[in-house]
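See structure below.
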Amino acid sequence: MTRLSAAGSHVGKVRANNQDSGYAGEHLFVVADGMGGHAGGDVASALAIQSIAHIDQPYESVDDAIEALRSALLEANHELAETVFEHPELAGMGTTVSGIVRVGDQLALAHIGDSRIYRWREGTLTQVTKDHTFVQRLVDSGRITADEAAVHPRRSVLMRVLGDVDLTPEIDVEVLTTDVGDRWLLCSDGLSGYVTETRMGEILTEQPDAERAIQALIDESLDNGAPDNVTAVVVGIDRSPSSSAGGPVMVGSAARPLSYSASTSKRSVRLPSLLLHPLSAVTAPADEHFEPESEEFLHALIAEYERNKVRRRIVWLVGVLLIASLIIGLLVAGYQWTQSRYFVGVSNGQVAIFQGVQQNIGPFPLSTVYFESDIDIDDLSPFSRERVESTINASDLPEALSIIDRLENELD
């Protein structure tokens, strides 16, 4: 019998441990690629998958599925942060997560990091997610081409992951329509970094059985010398309202008991906390060869600043009045922007929501108390109290209120 859906993972040709995890259920399908060195990558991806798996259930609408998937990723992020608080030796660990939930002929998609989701339709493979990497930003800004990005020395620098860096990371969510006969491929960069999209599409065309397709994809990656972990999930779409894989299946680190002790692998240097994720098309990934991701990013920002400075000088020649009006407009717009931001902090010993940003302009603060809750800061756990005292950023008011709700739930 031809299997519609399946999941598989391989440690790769060089790594001593598998930091990838995958899940194929009835409605939910996810891939996570951990990072952080030692046991951190293993723990991060496994915790993320195990934390998300509970939402594998039918949903009334795709909007419900989107909300469940996004909330599950934020919950996983919170669990990772708490794990680092309890196990400081895991500081800097993180994981990419790319997942879909099927609701009839629609898919709820959530994505963060550089794992990928592809759609195969009538022999054509199309990438539907965008990598959250430094080189992708360079491509988007027109500074380099996609071909140059593939061999860029900083192609492994991630800009967004789940982990202990940000309490409320930005997660891409999307609703997609799927047709009978479509196949969806979710994979870590151990596959996408070493097998071309053309070849992946050919394998999906040649192998209608999901398990055989998974094995062929992994074999192709290994044949191309991939040193990184390789994980893939294939999801076939038929007329059934679900895409059952024959029972929930976890692969990679998520399929093994969690261990918080450091790995004894030869790669003993912990990755920097700001998101270096190994990927090399030629040689084995090595943590000790990485440089801080901020170095080149700073160089790019400086170059951009120099270009803007030339433009400002040209504008100055047009006239002082025009420049003055522009500055005033920018100041007004900047202040209006600050008032669209929110963060959670402490006011009079209580947890409160502030409107604005934490900075001051001289003696003038750029924030005011918007709402003071009944939560006493001393009633919170040490972890939560420390985060609140350091302030927790929120993208908007609903997100700030949701942070208050989660803190209240801790006290129940």
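The chains in the structure tokens are called A, B, ... from first to last as shown; in each chain the residues are counted from 1, and the ligands are counted from 1 in the order shown.
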key: 10 Å contact set for Val62 (chain A), only C-alpha atoms, chain neighbours under 3 positions out, as a ChimeraX atom specification   = /A:58-59,65-68,101-109,174-176
request  = Name all residues at most 8 Å from region 399-405 of chain A (count only C-alpha atoms; drop same-chain ones fewer than 2 positions away) and give them as number ranges by chain.
outcome  = A: 342-344, 351, 353, 373, 393-397, 407-409
key: Selected residue of minimal separation from Ser390 (chain A) among A:Glu26, A:Ile237, A:Gln358, A:Asp374, counting only C-alpha atoms   =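 Counting only C-alpha atoms, the residue closest to Ser390 (chain A) is A:Gln358.
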ask   = Between A:Pro382, A:Gly356, A:Gly190, A:Gly40, which has the minimum distance to Thr338 (chain A) (counting only C-alpha atoms)?
value = A:Gly356
inquiry  = According to DSSP computed on the backbone, where in region 24-109 of chain A is there strand (DSSP E or B)? Give the residues as number ranges by chain.
reply    = A: 24, 28-35, 94-103, 106-109
key: Pick from A:Gly225, A:Gly201, A:Gly25, A:Gly345, whichever lies nearest to Pro248 (chain A) using only C-alpha atoms   =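 Closest residue, counting only C-alpha atoms: A:Gly25.
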Env of Ala53 (chain A): 12 Å cut, atoms = only C-alpha atoms, seq-sep filter 4 positions within chain, self excluded. Answer as a CSV table (one decimal) with C-alpha atoms, in the first residue's frame.
chain,number,residue,atom,x,y,z
A,21,SER,CA,13.7,16.4,15.0
A,22,GLY,CA,10.6,15.7,12.9
A,23,TYR,CA,7.0,14.8,13.4
A,24,ALA,CA,4.4,13.3,11.1
A,25,GLY,CA,0.9,12.9,12.5
A,26,GLU,CA,-2.6,12.9,11.3
A,27,HIS,CA,-3.1,16.6,10.8
A,28,LEU,CA,0.2,18.1,12.0
A,29,PHE,CA,3.6,17.8,10.3
A,30,VAL,CA,6.8,19.6,11.6
A,31,VAL,CA,10.5,19.7,11.1
A,46,ALA,CA,13.2,17.7,20.7
A,47,LEU,CA,11.5,20.0,23.2
A,48,ALA,CA,10.0,22.1,20.4
A,49,ILE,CA,8.5,19.0,18.6
A,57,GLN,CA,-6.1,17.3,16.1
A,68,ALA,CA,-3.1,26.9,17.6
A,69,LEU,CA,0.1,26.5,15.6
A,72,ALA,CA,2.2,26.2,20.2
A,73,LEU,CA,5.4,27.7,18.8
A,75,GLU,CA,4.8,28.0,24.2
A,76,ALA,CA,7.7,25.9,22.9
A,99,GLY,CA,5.2,23.1,10.4
A,100,ILE,CA,1.8,22.7,8.7
A,101,VAL,CA,-1.6,21.7,10.0
A,248,PRO,CA,2.1,9.8,15.0
A,249,VAL,CA,5.8,9.4,14.2
A,250,MET,CA,8.7,11.3,15.8
A,254,ALA,CA,12.5,13.9,19.5
task = Could you check which of A:Asp238, A:Glu220, A:Asp379, A:Glu386 is closest to Arg199 (chain A), using only C-alpha atoms?
result = A:Glu220
I'd like to know which residues of region 114-261 of chain A are alpha helix (DSSP H) (by DSSP, run on the backbone); could you write them as a PDB file with C-alpha atoms, in the first residue's frame?
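Below you can see result.pdb, which holds the result:
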ATOM      1  CA  PHE A 134      21.461  36.998   6.981  1.00  0.00           C
ATOM      2  CA  VAL A 135      22.182  36.131   3.344  1.00  0.00           C
ATOM      3  CA  GLN A 136      18.465  36.036   2.531  1.00  0.00           C
ATOM      4  CA  ARG A 137      18.259  39.630   3.747  1.00  0.00           C
ATOM      5  CA  LEU A 138      21.145  40.496   1.435  1.00  0.00           C
ATOM      6  CA  VAL A 139      19.305  38.818  -1.448  1.00  0.00           C
ATOM      7  CA  ASP A 140      16.059  40.635  -0.607  1.00  0.00           C
ATOM      8  CA  ALA A 146      20.633  33.840  -4.947  1.00  0.00           C
ATOM      9  CA  ASP A 147      23.620  32.022  -6.518  1.00  0.00           C
ATOM     10  CA  GLU A 148      26.041  34.144  -4.499  1.00  0.00           C
ATOM     11  CA  ALA A 149      24.013  33.441  -1.350  1.00  0.00           C
ATOM     12  CA  ALA A 150      24.511  29.684  -1.830  1.00  0.00           C
ATOM     13  CA  ASP A 189      18.944  22.445   5.589  1.00  0.00           C
ATOM     14  CA  GLY A 190      20.812  19.143   5.673  1.00  0.00           C
ATOM     15  CA  LEU A 191      18.635  18.278   2.675  1.00  0.00           C
ATOM     16  CA  SER A 192      17.977  21.631   0.999  1.00  0.00           C
ATOM     17  CA  GLU A 197      15.246  21.673  -5.887  1.00  0.00           C
ATOM     18  CA  THR A 198      15.183  20.104  -9.345  1.00  0.00           C
ATOM     19  CA  ARG A 199      16.488  16.815  -7.984  1.00  0.00           C
ATOM     20  CA  MET A 200      14.142  16.870  -4.996  1.00  0.00           C
ATOM     21  CA  GLY A 201      11.225  17.351  -7.378  1.00  0.00           C
ATOM     22  CA  GLU A 202      12.424  14.461  -9.516  1.00  0.00           C
ATOM     23  CA  ILE A 203      12.603  12.150  -6.496  1.00  0.00           C
ATOM     24  CA  LEU A 204       9.079  13.081  -5.414  1.00  0.00           C
ATOM     25  CA  THR A 205       7.919  12.367  -8.956  1.00  0.00           C
ATOM     26  CA  GLU A 206       9.737   9.029  -9.129  1.00  0.00           C
ATOM     27  CA  ALA A 210       6.240   8.641   1.031  1.00  0.00           C
ATOM     28  CA  GLU A 211       8.596   6.317   2.945  1.00  0.00           C
ATOM     29  CA  ARG A 212      10.557   5.492  -0.183  1.00  0.00           C
ATOM     30  CA  ALA A 213      10.656   9.154  -1.162  1.00  0.00           C
ATOM     31  CA  ILE A 214      12.046  10.081   2.266  1.00  0.00           C
ATOM     32  CA  GLN A 215      14.763   7.424   2.023  1.00  0.00           C
ATOM     33  CA  ALA A 216      15.670   8.468  -1.514  1.00  0.00           C
ATOM     34  CA  LEU A 217      15.933  12.136  -0.473  1.00  0.00           C
ATOM     35  CA  ILE A 218      18.174  11.279   2.500  1.00  0.00           C
ATOM     36  CA  ASP A 219      20.334   8.968   0.369  1.00  0.00           C
ATOM     37  CA  GLU A 220      20.731  11.692  -2.257  1.00  0.00           C
ATOM     38  CA  SER A 221      21.883  14.159   0.387  1.00  0.00           C
ATOM     39  CA  LEU A 222      24.397  11.682   1.813  1.00  0.00           C
ATOM     40  CA  ASP A 223      25.648  10.815  -1.666  1.00  0.00           C
TER      41      ASP A 223
END
